[in-house]
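One file, final_14.csv, is given below (CSV, C-alpha atoms).
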```csv
chain,number,residue,atom,x,y,z
A,495,MET,CA,87.0,111.5,105.3
A,496,ASN,CA,89.7,113.4,107.3
A,497,ILE,CA,91.3,115.9,105.0
A,498,PHE,CA,94.8,115.4,106.5
A,499,LEU,CA,94.5,111.7,105.7
A,500,VAL,CA,93.4,112.7,102.2
A,501,TYR,CA,96.5,114.9,101.8
A,502,VAL,CA,98.8,112.1,103.2
A,503,LEU,CA,97.4,109.4,101.0
A,504,LEU,CA,97.4,111.5,97.8
A,505,LEU,CA,100.9,112.8,98.6
A,506,LYS,CA,102.2,109.3,99.0
A,507,ALA,CA,100.7,108.3,95.7
A,508,SER,CA,102.1,111.4,94.0
A,509,LEU,CA,105.5,110.9,95.5
A,510,ALA,CA,105.6,107.3,94.2
A,511,SER,CA,104.8,108.2,90.6
A,512,PHE,CA,106.6,109.8,87.7
A,513,THR,CA,103.7,110.3,85.3
A,514,GLY,CA,100.3,111.9,85.8
A,515,LEU,CA,98.3,108.7,85.9
A,516,GLY,CA,101.2,106.8,87.5
A,517,SER,CA,99.6,107.5,90.9
A,518,LEU,CA,96.4,105.8,90.0
A,519,PRO,CA,97.3,102.3,91.2
A,520,MET,CA,98.1,103.5,94.6
A,521,ILE,CA,95.1,105.7,94.8
A,522,ARG,CA,92.9,102.8,93.8
A,523,TYR,CA,94.5,100.6,96.4
A,524,ASP,CA,94.2,103.2,99.2
A,525,PHE,CA,90.7,104.7,98.4
A,526,VAL,CA,88.9,101.8,96.7
A,527,VAL,CA,90.4,98.6,97.9
A,528,GLU,CA,91.6,99.4,101.5
A,529,ARG,CA,89.2,102.2,102.7
A,530,HIS,CA,86.2,101.8,100.4
A,531,ALA,CA,86.0,105.6,100.3
A,532,LEU,CA,85.5,105.5,96.5
A,533,THR,CA,84.0,103.0,94.0
A,534,ASP,CA,85.8,102.1,90.8
A,535,HIS,CA,83.1,104.1,88.9
A,536,GLN,CA,83.7,107.2,91.0
A,537,LEU,CA,87.4,106.9,90.5
A,538,ASN,CA,86.8,106.6,86.7
A,539,THR,CA,84.6,109.7,86.8
A,540,ALA,CA,87.2,111.6,88.7
A,541,VAL,CA,89.8,110.6,86.0
A,542,VAL,CA,87.4,111.7,83.3
A,543,ALA,CA,86.8,115.1,84.9
A,544,GLY,CA,90.5,115.6,85.5
A,545,ARG,CA,91.4,114.7,81.9
A,546,ALA,CA,88.5,116.2,80.0
A,547,GLY,CA,89.6,119.8,80.6
A,548,PRO,CA,92.9,121.6,80.1
A,549,GLY,CA,95.9,121.2,82.5
A,550,PRO,CA,98.3,118.6,83.7
A,551,PHE,CA,97.4,114.8,83.8
A,552,GLY,CA,97.6,114.7,87.6
A,553,LEU,CA,94.6,117.0,88.1
A,554,TYR,CA,92.3,114.0,88.7
A,555,LEU,CA,93.7,114.0,92.2
A,556,VAL,CA,91.8,117.1,92.9
A,557,CYS,CA,88.6,115.4,91.7
A,558,VAL,CA,89.4,112.4,93.9
A,559,GLY,CA,89.8,114.7,96.9
A,560,TYR,CA,86.5,116.5,96.1
A,561,THR,CA,84.6,113.2,95.8
A,562,VAL,CA,85.8,111.9,99.1
A,563,ALA,CA,85.7,115.1,101.2
A,564,GLY,CA,84.1,118.0,99.3
A,565,VAL,CA,85.8,121.3,98.8
A,566,PRO,CA,88.3,120.9,101.8
A,567,GLY,CA,89.2,117.5,100.2
A,568,ALA,CA,89.8,119.2,96.8
A,569,ILE,CA,92.0,121.8,98.5
A,570,SER,CA,94.1,119.2,100.3
A,571,ALA,CA,94.3,117.1,97.1
A,572,PHE,CA,95.5,120.2,95.2
A,573,LEU,CA,98.2,120.7,97.8
A,574,ALA,CA,99.2,117.0,97.5
A,575,LEU,CA,99.4,117.4,93.8
A,576,ILE,CA,101.7,120.4,93.8
A,577,THR,CA,103.9,119.5,96.8
A,578,PRO,CA,106.2,117.1,95.0
A,579,ALA,CA,106.9,119.6,92.3
A,580,PHE,CA,108.9,121.7,94.7
A,581,LEU,CA,111.3,118.8,95.2
A,582,VAL,CA,112.8,119.9,91.9
A,583,LEU,CA,114.3,123.0,93.6
A,584,PRO,CA,116.7,121.2,96.0
A,585,LEU,CA,117.4,118.8,93.1
A,586,ILE,CA,118.5,121.8,91.0
A,587,ARG,CA,120.7,123.2,93.8
A,588,TRP,CA,122.3,120.0,94.9
A,589,LEU,CA,121.9,117.3,92.3
A,590,GLY,CA,122.4,119.4,89.2
A,591,ARG,CA,123.7,117.5,86.2
A,592,ARG,CA,124.3,114.4,88.3
A,593,ALA,CA,120.7,113.4,87.6
A,594,SER,CA,122.0,111.7,84.5
A,595,HIS,CA,124.2,109.3,86.5
A,596,PRO,CA,123.6,105.7,85.3
A,597,ARG,CA,122.5,104.4,88.7
A,598,VAL,CA,120.0,107.2,89.1
A,599,ARG,CA,118.7,106.4,85.6
A,600,ASP,CA,118.5,102.7,86.4
A,601,ALA,CA,116.4,103.5,89.5
A,602,ILE,CA,114.1,105.8,87.6
A,603,ARG,CA,113.7,103.2,84.8
A,604,GLY,CA,112.7,100.5,87.4
A,605,LEU,CA,110.2,102.9,88.9
A,606,LEU,CA,108.7,103.7,85.5
A,607,LEU,CA,108.5,100.1,84.4
A,608,GLY,CA,107.0,99.1,87.8
A,609,SER,CA,104.4,101.8,87.5
A,610,ALA,CA,103.6,100.7,84.0
A,611,GLY,CA,102.8,97.2,85.3
A,612,LEU,CA,100.8,98.6,88.2
A,613,LEU,CA,98.8,100.9,85.8
A,614,LEU,CA,98.0,98.0,83.6
A,615,ALA,CA,96.7,96.0,86.7
A,616,SER,CA,94.6,99.0,87.7
A,617,SER,CA,93.2,99.3,84.2
A,618,VAL,CA,91.6,95.9,84.4
A,619,PRO,CA,88.8,96.7,86.9
A,620,LEU,CA,88.3,100.2,85.4
A,621,ALA,CA,88.0,98.7,81.8
A,622,ARG,CA,85.6,96.1,83.1
A,623,ASP,CA,83.5,98.9,84.6
A,624,ALA,CA,83.7,101.0,81.4
A,625,ASN,CA,83.0,98.1,79.0
A,626,THR,CA,79.2,98.2,78.6
A,627,GLY,CA,78.9,97.1,74.9
A,628,SER,CA,80.4,97.1,71.5
A,629,LEU,CA,80.6,100.9,71.3
A,630,SER,CA,82.6,101.3,74.5
A,631,LEU,CA,84.9,98.5,73.5
A,632,ALA,CA,85.5,100.2,70.1
A,633,ILE,CA,86.2,103.5,71.9
A,634,MET,CA,88.7,101.8,74.3
A,635,ILE,CA,90.6,100.2,71.4
A,636,GLY,CA,90.4,103.4,69.3
A,637,ALA,CA,91.6,105.6,72.2
A,638,PHE,CA,94.6,103.2,72.8
A,639,LEU,CA,95.5,103.3,69.1
A,640,VAL,CA,95.1,107.1,68.7
A,641,LEU,CA,97.1,108.0,71.8
A,642,SER,CA,99.8,105.5,71.2
A,643,PHE,CA,100.5,106.3,67.5
A,644,THR,CA,99.4,109.9,66.9
A,645,ARG,CA,100.2,113.2,68.6
A,646,LEU,CA,96.5,114.1,69.3
A,647,ASP,CA,95.9,115.7,72.6
A,648,SER,CA,94.0,113.5,75.0
A,649,ALA,CA,91.5,116.3,75.7
A,650,TRP,CA,90.3,116.1,72.1
A,651,LEU,CA,90.0,112.4,72.3
A,652,MET,CA,87.8,112.8,75.5
A,653,ALA,CA,85.7,115.4,73.7
A,654,GLY,CA,85.3,113.0,70.7
A,655,ALA,CA,84.3,110.1,72.9
A,656,ALA,CA,81.8,112.2,74.8
A,657,ALA,CA,80.2,113.4,71.5
A,658,LEU,CA,80.0,109.8,70.2
A,659,GLY,CA,78.4,108.6,73.5
A,660,PHE,CA,76.0,111.5,73.4
A,661,VAL,CA,74.9,110.7,69.8
A,662,ALA,CA,74.7,107.0,70.6
A,663,ALA,CA,72.4,107.8,73.6
A,664,LEU,CA,70.3,110.1,71.4
A,665,ILE,CA,69.8,107.3,68.8
A,666,ARG,CA,68.8,104.8,71.4
B,1089,MET,CA,107.3,121.5,78.1
B,1090,THR,CA,108.7,121.9,74.6
B,1091,VAL,CA,106.2,124.7,73.9
B,1092,LEU,CA,107.1,126.4,77.2
B,1093,GLY,CA,110.8,126.0,76.4
B,1094,ARG,CA,110.4,127.7,73.1
B,1095,GLU,CA,108.6,130.6,74.8
B,1096,LEU,CA,111.0,131.0,77.7
B,1097,VAL,CA,114.3,130.4,75.9
B,1098,HIS,CA,113.9,131.8,72.4
B,1099,ARG,CA,111.0,134.3,72.6
B,1100,LYS,CA,111.3,135.9,76.1
B,1101,ARG,CA,115.0,134.9,76.7
B,1102,TRP,CA,114.2,134.6,80.4
B,1103,ILE,CA,116.4,131.4,80.8
B,1104,SER,CA,119.3,130.0,78.9
B,1105,GLU,CA,119.2,126.8,76.8
B,1106,GLU,CA,121.4,125.0,79.4
B,1107,ASP,CA,119.0,126.1,82.2
B,1108,TYR,CA,116.0,124.8,80.2
B,1109,GLU,CA,117.7,121.4,79.6
B,1110,LEU,CA,118.6,121.2,83.3
B,1111,ALA,CA,115.0,122.0,84.3
B,1112,PHE,CA,113.6,119.5,81.8
B,1113,ALA,CA,115.9,116.7,82.9
B,1114,LEU,CA,115.3,117.3,86.6
B,1115,ALA,CA,111.6,117.6,86.2
B,1116,ARG,CA,111.6,114.1,84.6
B,1117,VAL,CA,113.3,112.6,87.7
B,1118,THR,CA,111.1,114.6,90.2
B,1119,PRO,CA,108.2,112.5,91.6
B,1120,GLY,CA,104.7,113.6,90.6
B,1121,THR,CA,103.6,115.3,87.5
B,1122,SER,CA,106.6,116.4,85.4
B,1123,ILE,CA,105.1,119.5,83.9
B,1124,ILE,CA,104.3,121.0,87.3
B,1125,ALA,CA,107.9,120.3,88.4
B,1126,PHE,CA,109.2,121.8,85.2
B,1127,CYS,CA,107.2,125.0,85.8
B,1128,ALA,CA,108.4,125.2,89.4
B,1129,ALA,CA,112.0,124.8,88.1
B,1130,CYS,CA,111.6,127.5,85.4
B,1131,GLY,CA,109.8,129.9,87.8
B,1132,TRP,CA,112.6,129.4,90.4
B,1133,LEU,CA,115.3,130.0,87.8
B,1134,ILE,CA,113.6,133.2,86.7
B,1135,LEU,CA,112.4,134.7,90.0
B,1136,GLY,CA,113.4,132.5,92.9
B,1137,TRP,CA,110.8,131.1,95.3
B,1138,ALA,CA,108.1,133.6,94.3
B,1139,GLY,CA,108.6,132.6,90.7
B,1140,ALA,CA,108.3,128.9,91.5
B,1141,VAL,CA,105.1,129.4,93.5
B,1142,ALA,CA,103.6,131.7,90.9
B,1143,ALA,CA,104.4,129.3,88.0
B,1144,VAL,CA,102.9,126.2,89.8
B,1145,PHE,CA,99.7,128.1,90.8
B,1146,ALA,CA,99.3,129.6,87.4
B,1147,LEU,CA,99.5,126.2,85.8
B,1148,THR,CA,97.4,124.2,88.3
B,1149,ALA,CA,94.9,126.4,90.2
B,1150,PRO,CA,92.6,127.5,87.3
B,1151,THR,CA,92.5,124.1,85.8
B,1152,ALA,CA,91.9,122.4,89.1
B,1153,VAL,CA,88.8,124.6,89.7
B,1154,PHE,CA,87.7,123.8,86.1
B,1155,ALA,CA,88.1,120.1,86.8
B,1156,VAL,CA,86.0,120.2,90.0
B,1157,LEU,CA,83.3,122.2,88.2
B,1158,LEU,CA,83.3,119.6,85.4
B,1159,LEU,CA,83.0,116.8,88.0
B,1160,GLN,CA,80.1,118.7,89.6
B,1161,GLY,CA,78.5,119.0,86.1
B,1162,ILE,CA,78.9,115.2,85.5
B,1163,GLU,CA,77.5,114.4,88.9
B,1164,SER,CA,74.5,116.7,88.5
B,1165,GLY,CA,73.8,115.3,85.0
B,1166,ALA,CA,73.7,111.8,86.3
B,1167,ARG,CA,69.8,111.8,85.9
B,1168,TYR,CA,70.0,112.5,82.2
B,1169,PRO,CA,70.6,109.6,79.9
B,1170,LEU,CA,72.3,111.7,77.3
B,1171,VAL,CA,74.8,113.1,79.8
B,1172,MET,CA,75.4,109.6,81.1
B,1173,GLY,CA,75.9,108.3,77.6
B,1174,ALA,CA,78.6,110.9,77.0
B,1175,VAL,CA,80.2,110.1,80.4
B,1176,ALA,CA,80.2,106.3,79.8
B,1177,ALA,CA,81.9,106.8,76.4
B,1178,THR,CA,84.5,109.1,78.0
B,1179,VAL,CA,85.2,106.5,80.7
B,1180,ALA,CA,85.8,103.9,78.0
B,1181,ALA,CA,88.3,106.4,76.4
B,1182,VAL,CA,90.1,106.7,79.7
B,1183,ALA,CA,90.5,103.0,79.9
B,1184,GLY,CA,92.1,103.0,76.4
B,1185,MET,CA,94.2,106.0,77.4
B,1186,MET,CA,95.6,104.0,80.4
B,1187,TRP,CA,96.7,101.2,78.0
B,1188,ALA,CA,98.3,103.9,75.8
B,1189,ILE,CA,100.1,105.4,78.7
B,1190,VAL,CA,101.5,101.9,79.7
B,1191,TRP,CA,102.7,101.5,76.1
B,1192,ILE,CA,104.2,105.0,76.0
B,1193,ILE,CA,106.1,104.3,79.2
B,1194,VAL,CA,107.4,101.0,78.1
B,1195,ARG,CA,108.2,101.9,74.5
B,1196,PRO,CA,111.5,103.8,75.0
B,1197,PHE,CA,112.8,100.9,77.0
B,1198,ALA,CA,111.9,98.2,74.4
B,1199,ARG,CA,114.6,98.7,71.9
B,1200,GLY,CA,116.9,95.7,71.5
B,1201,LEU,CA,116.5,92.2,72.9
B,1202,THR,CA,118.0,92.8,76.4
B,1203,PRO,CA,116.0,96.0,77.1
B,1204,ILE,CA,112.8,94.3,75.9
B,1205,LEU,CA,113.5,91.4,78.3
B,1206,ARG,CA,114.2,93.9,81.1
B,1207,ALA,CA,111.0,95.8,80.4
B,1208,ALA,CA,108.9,92.6,80.1
B,1209,ILE,CA,110.3,91.1,83.3
B,1210,ILE,CA,109.9,94.3,85.5
B,1211,ALA,CA,106.7,95.6,84.0
B,1212,GLY,CA,105.2,92.2,83.6
B,1213,GLY,CA,106.3,91.2,87.1
B,1214,ALA,CA,104.7,94.4,88.6
B,1215,PHE,CA,101.5,93.7,86.8
B,1216,LEU,CA,101.3,90.1,88.0
B,1217,ALA,CA,102.3,91.0,91.6
B,1218,SER,CA,99.5,93.6,91.8
B,1219,TRP,CA,96.8,91.9,89.7
B,1220,LYS,CA,97.3,88.3,90.7
B,1221,PHE,CA,98.8,88.5,94.2
B,1222,ASN,CA,97.4,91.8,95.4
B,1223,ILE,CA,100.9,93.0,96.6
B,1224,THR,CA,100.8,96.7,97.7
B,1225,PRO,CA,102.0,99.3,95.1
B,1226,ILE,CA,104.8,100.5,97.4
B,1227,ALA,CA,106.3,97.0,97.7
B,1228,VAL,CA,105.9,96.4,93.9
B,1229,LEU,CA,107.7,99.7,93.1
B,1230,ALA,CA,110.5,99.0,95.6
B,1231,ALA,CA,111.0,95.6,94.0
B,1232,ALA,CA,110.9,97.1,90.5
B,1233,THR,CA,113.5,99.7,91.4
B,1234,LEU,CA,115.8,97.1,93.0
B,1235,ALA,CA,115.5,94.8,90.1
B,1236,SER,CA,116.4,97.6,87.7
B,1237,LEU,CA,119.4,98.6,89.8
B,1238,LEU,CA,120.6,95.0,89.9
B,1239,TRP,CA,120.1,94.6,86.2
B,1240,GLY,CA,122.2,97.7,85.6
B,1241,LEU,CA,125.1,96.1,87.4
B,1242,LEU,CA,125.1,93.1,85.1
B,1243,PRO,CA,128.0,93.3,82.6
B,1244,SER,CA,125.8,92.7,79.6
B,1245,SER,CA,123.7,95.7,80.4
B,1246,GLN,CA,126.6,98.2,80.3
B,1247,PRO,CA,126.6,100.5,77.3
B,1248,SER,CA,128.8,99.5,74.3
B,1249,LYS,CA,131.9,101.5,73.4
B,1250,SER,CA,129.8,103.4,70.8
B,1251,GLY,CA,127.8,104.7,73.8
B,1252,ALA,CA,124.5,103.4,72.4
B,1253,THR,CA,121.9,103.0,75.1
B,1254,PRO,CA,118.3,101.8,74.8
B,1255,GLU,CA,117.0,105.4,75.2
```

Could the structure of this file be written out as structure tokens, please?
Amino acid sequence: MNIFLVYVLLLKASLASFTGLGSLPMIRYDFVVERHALTDHQLNTAVVAGRAGPGPFGLYLVCVGYTVAGVPGAISAFLALITPAFLVLPLIRWLGRRASHPRVRDAIRGLLLGSAGLLLASSVPLARDANTGSLSLAIMIGAFLVLSFTRLDSAWLMAGAAALGFVAALIR
Amino acid sequence: MTVLGRELVHRKRWISEEDYELAFALARVTPGTSIIAFCAACGWLILGWAGAVAAVFALTAPTAVFAVLLLQGIESGARYPLVMGAVAATVAAVAGMMWAIVWIIVRPFARGLTPILRAAIIAGGAFLASWKFNITPIAVLAAATLASLLWGLLPSSQPSKSGATPE
């Protein structure tokens, strides 16, 4: 896949999201549904690799870029990940404290709620792919409860899930 | 961001409390990953453009390399059932994590009947539009933003005299 296209698609997804995984619905649409450059399973694996280590949530973009176009794809995905962050600089200079204006807050609220609905829709095929038995179902529900109602870092949850899966495969 | 704030404001005294609050607020309204924007803002406030670039690279470059190495490890371990067992369980945890993120996004907007209704209509509508009708994410996000702006114009959605807001 052309690395410029990788950059443009990932930048578009990044610009339309306000949370690390908020870009996932658009990435799934562009890379899995529209272009068939990735499968749901590959996308899932990219999210796992991006989340299992330290660093910000959006790092899975780099893994997506690497999966579709190797190291050049990873570099262009890395640039797509960091480019929107620099938008904060003109915001500091020109918007300043007006960011708390009610209309701006309403627009952000709409974007966040819309991305929540999109993320839920994206989770359906990914959960279907991930659900391979009672253990995986228990891990899904457990992960939801732990991350929703405790302050445990998600990297620990990933490590715990991996250890559980490893032990379950050993027993089998 | 809170940990970084403690370090930069109270321990190193590189930025003021007001600058920290400004960087924090603007990072939240900057598209993309908030923590990267926050680091860019703090770096810029401390050392200008060089500081912003250094802060963003320090946060993301080493961890990006680590993520790719991890992905390579997962891919090369695909032949081993034990590795694949661990990966499958982690994938299941990611699915649960996505539901948790949805809940964490919606939760602050779901206090009081009207905000709950607003959250349910906009988030639920976005979910249905994407899942049931395959409408593109850009169109869904544009509609959600418009709906929220229009909702904000309704008299019933204005903050009360006490200043209480859903958040």

From B:Leu1201, B:Leu1216, B:Leu1234, B:Ala1125, residue lying nearest chain A [only C-alpha atoms]: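 With only C-alpha atoms as the atom set, the closest residue is B:Ala1125.
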
Residues of chain A within 6 Å of chain B, counting all atoms listed in the file, as a VMD selection string: chain A and resid 508 to 509 511 to 514 520 543 to 544 549 557 578 to 579 582 600 to 601 604 to 605 607 to 608 610 to 612 615 621 624 630 633 to 635 637 to 638 641 to 642 652 655 to 656 659 to 660 663

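CA of Thr644 in chain A is found 28.1 Å from CA of Ala510 in chain A.
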
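Taking CA of Leu537 in chain A and CA of Tyr1168 in chain B as the two end points, the separation is 20.1 Å.
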
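Put simply, CA of Met495 in chain A is 7.8 Å away from CA of Ala531 in chain A.
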
Answer as JSON, numbers by chain, residues within 8 Å of (111.2, 131.3, 79.8) using only C-alpha atoms: {"B": [1092, 1093, 1094, 1095, 1096, 1097, 1098, 1099, 1100, 1101, 1102, 1103, 1130, 1134]}

Distance criterion (only C-alpha atoms): nearest to Ile576 in chain A out of A:Ala563, A:Leu505, A:Val661, A:Ala653: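 With only C-alpha atoms as the atom set, the closest residue is A:Leu505.
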
Polymer residues at most 8 Å from (96.7, 111.6, 88.7) by only C-alpha atoms, as a list in words: Ser508, Thr513, Gly514, Leu515, Gly516, Ser517, Leu518, Val541, Phe551, Gly552, Leu553, Tyr554 and Leu555 of chain A; Thr1121 of chain B

Contact residues around range 496-503 of chain A with all atoms listed in the file at 12 Å, ignoring same-chain residues under 5 positions, as a ChimeraX atom specification: /A:508-510,517-518,520-525,528-529,531,555-577

I need the chosen residues saved as an mmCIF file, in the frame of the given file, with C-alpha atoms.
```cif
data_model
loop_
_atom_site.group_PDB
_atom_site.id
_atom_site.type_symbol
_atom_site.label_atom_id
_atom_site.label_comp_id
_atom_site.auth_asym_id
_atom_site.auth_seq_id
_atom_site.Cartn_x
_atom_site.Cartn_y
_atom_site.Cartn_z
ATOM 1 C CA SER A 508 102.100 111.400 94.000
ATOM 2 C CA LEU A 509 105.500 110.900 95.500
ATOM 3 C CA ALA A 510 105.600 107.300 94.200
ATOM 4 C CA SER A 517 99.600 107.500 90.900
ATOM 5 C CA LEU A 518 96.400 105.800 90.000
ATOM 6 C CA MET A 520 98.100 103.500 94.600
ATOM 7 C CA ILE A 521 95.100 105.700 94.800
ATOM 8 C CA ARG A 522 92.900 102.800 93.800
ATOM 9 C CA TYR A 523 94.500 100.600 96.400
ATOM 10 C CA ASP A 524 94.200 103.200 99.200
ATOM 11 C CA PHE A 525 90.700 104.700 98.400
ATOM 12 C CA GLU A 528 91.600 99.400 101.500
ATOM 13 C CA ARG A 529 89.200 102.200 102.700
ATOM 14 C CA ALA A 531 86.000 105.600 100.300
ATOM 15 C CA LEU A 555 93.700 114.000 92.200
ATOM 16 C CA VAL A 556 91.800 117.100 92.900
ATOM 17 C CA CYS A 557 88.600 115.400 91.700
ATOM 18 C CA VAL A 558 89.400 112.400 93.900
ATOM 19 C CA GLY A 559 89.800 114.700 96.900
ATOM 20 C CA TYR A 560 86.500 116.500 96.100
ATOM 21 C CA THR A 561 84.600 113.200 95.800
ATOM 22 C CA VAL A 562 85.800 111.900 99.100
ATOM 23 C CA ALA A 563 85.700 115.100 101.200
ATOM 24 C CA GLY A 564 84.100 118.000 99.300
ATOM 25 C CA VAL A 565 85.800 121.300 98.800
ATOM 26 C CA PRO A 566 88.300 120.900 101.800
ATOM 27 C CA GLY A 567 89.200 117.500 100.200
ATOM 28 C CA ALA A 568 89.800 119.200 96.800
ATOM 29 C CA ILE A 569 92.000 121.800 98.500
ATOM 30 C CA SER A 570 94.100 119.200 100.300
ATOM 31 C CA ALA A 571 94.300 117.100 97.100
ATOM 32 C CA PHE A 572 95.500 120.200 95.200
ATOM 33 C CA LEU A 573 98.200 120.700 97.800
ATOM 34 C CA ALA A 574 99.200 117.000 97.500
ATOM 35 C CA LEU A 575 99.400 117.400 93.800
ATOM 36 C CA ILE A 576 101.700 120.400 93.800
ATOM 37 C CA THR A 577 103.900 119.500 96.800
#
```

Just add N, CA and C atoms to range 1103-1117 of chain B and send it as an mmCIF file, keeping the file's coordinate frame.
```cif
data_model
loop_
_atom_site.group_PDB
_atom_site.id
_atom_site.type_symbol
_atom_site.label_atom_id
_atom_site.label_comp_id
_atom_site.auth_asym_id
_atom_site.auth_seq_id
_atom_site.Cartn_x
_atom_site.Cartn_y
_atom_site.Cartn_z
ATOM 1 N N ILE B 1103 115.386 132.404 80.350
ATOM 2 C CA ILE B 1103 116.400 131.400 80.800
ATOM 3 C C ILE B 1103 117.218 130.961 79.650
ATOM 4 N N SER B 1104 118.418 130.416 79.987
ATOM 5 C CA SER B 1104 119.300 130.000 78.900
ATOM 6 C C SER B 1104 118.907 128.567 78.457
ATOM 7 N N GLU B 1105 119.445 128.161 77.327
ATOM 8 C CA GLU B 1105 119.200 126.800 76.800
ATOM 9 C C GLU B 1105 119.646 125.744 77.796
ATOM 10 N N GLU B 1106 120.810 126.002 78.458
ATOM 11 C CA GLU B 1106 121.400 125.000 79.400
ATOM 12 C C GLU B 1106 120.416 124.934 80.647
ATOM 13 N N ASP B 1107 119.913 126.076 81.104
ATOM 14 C CA ASP B 1107 119.000 126.100 82.200
ATOM 15 C C ASP B 1107 117.701 125.294 81.872
ATOM 16 N N TYR B 1108 117.244 125.507 80.646
ATOM 17 C CA TYR B 1108 116.000 124.800 80.200
ATOM 18 C C TYR B 1108 116.277 123.291 80.198
ATOM 19 N N GLU B 1109 117.438 122.881 79.677
ATOM 20 C CA GLU B 1109 117.700 121.400 79.600
ATOM 21 C C GLU B 1109 117.833 120.849 81.028
ATOM 22 N N LEU B 1110 118.444 121.619 81.953
ATOM 23 C CA LEU B 1110 118.600 121.200 83.300
ATOM 24 C C LEU B 1110 117.170 121.019 83.975
ATOM 25 N N ALA B 1111 116.327 122.043 83.788
ATOM 26 C CA ALA B 1111 115.000 122.000 84.300
ATOM 27 C C ALA B 1111 114.186 120.832 83.744
ATOM 28 N N PHE B 1112 114.346 120.621 82.444
ATOM 29 C CA PHE B 1112 113.600 119.500 81.800
ATOM 30 C C PHE B 1112 114.072 118.177 82.319
ATOM 31 N N ALA B 1113 115.408 117.983 82.447
ATOM 32 C CA ALA B 1113 115.900 116.700 82.900
ATOM 33 C C ALA B 1113 115.507 116.436 84.362
ATOM 34 N N LEU B 1114 115.634 117.457 85.214
ATOM 35 C CA LEU B 1114 115.300 117.300 86.600
ATOM 36 C C LEU B 1114 113.813 117.100 86.863
ATOM 37 N N ALA B 1115 113.007 117.757 86.045
ATOM 38 C CA ALA B 1115 111.600 117.600 86.200
ATOM 39 C C ALA B 1115 111.163 116.142 85.891
ATOM 40 N N ARG B 1116 111.894 115.502 84.971
ATOM 41 C CA ARG B 1116 111.600 114.100 84.600
ATOM 42 C C ARG B 1116 111.938 113.157 85.782
ATOM 43 N N VAL B 1117 112.912 113.525 86.625
ATOM 44 C CA VAL B 1117 113.300 112.600 87.700
ATOM 45 C C VAL B 1117 112.647 113.089 89.060
#
```
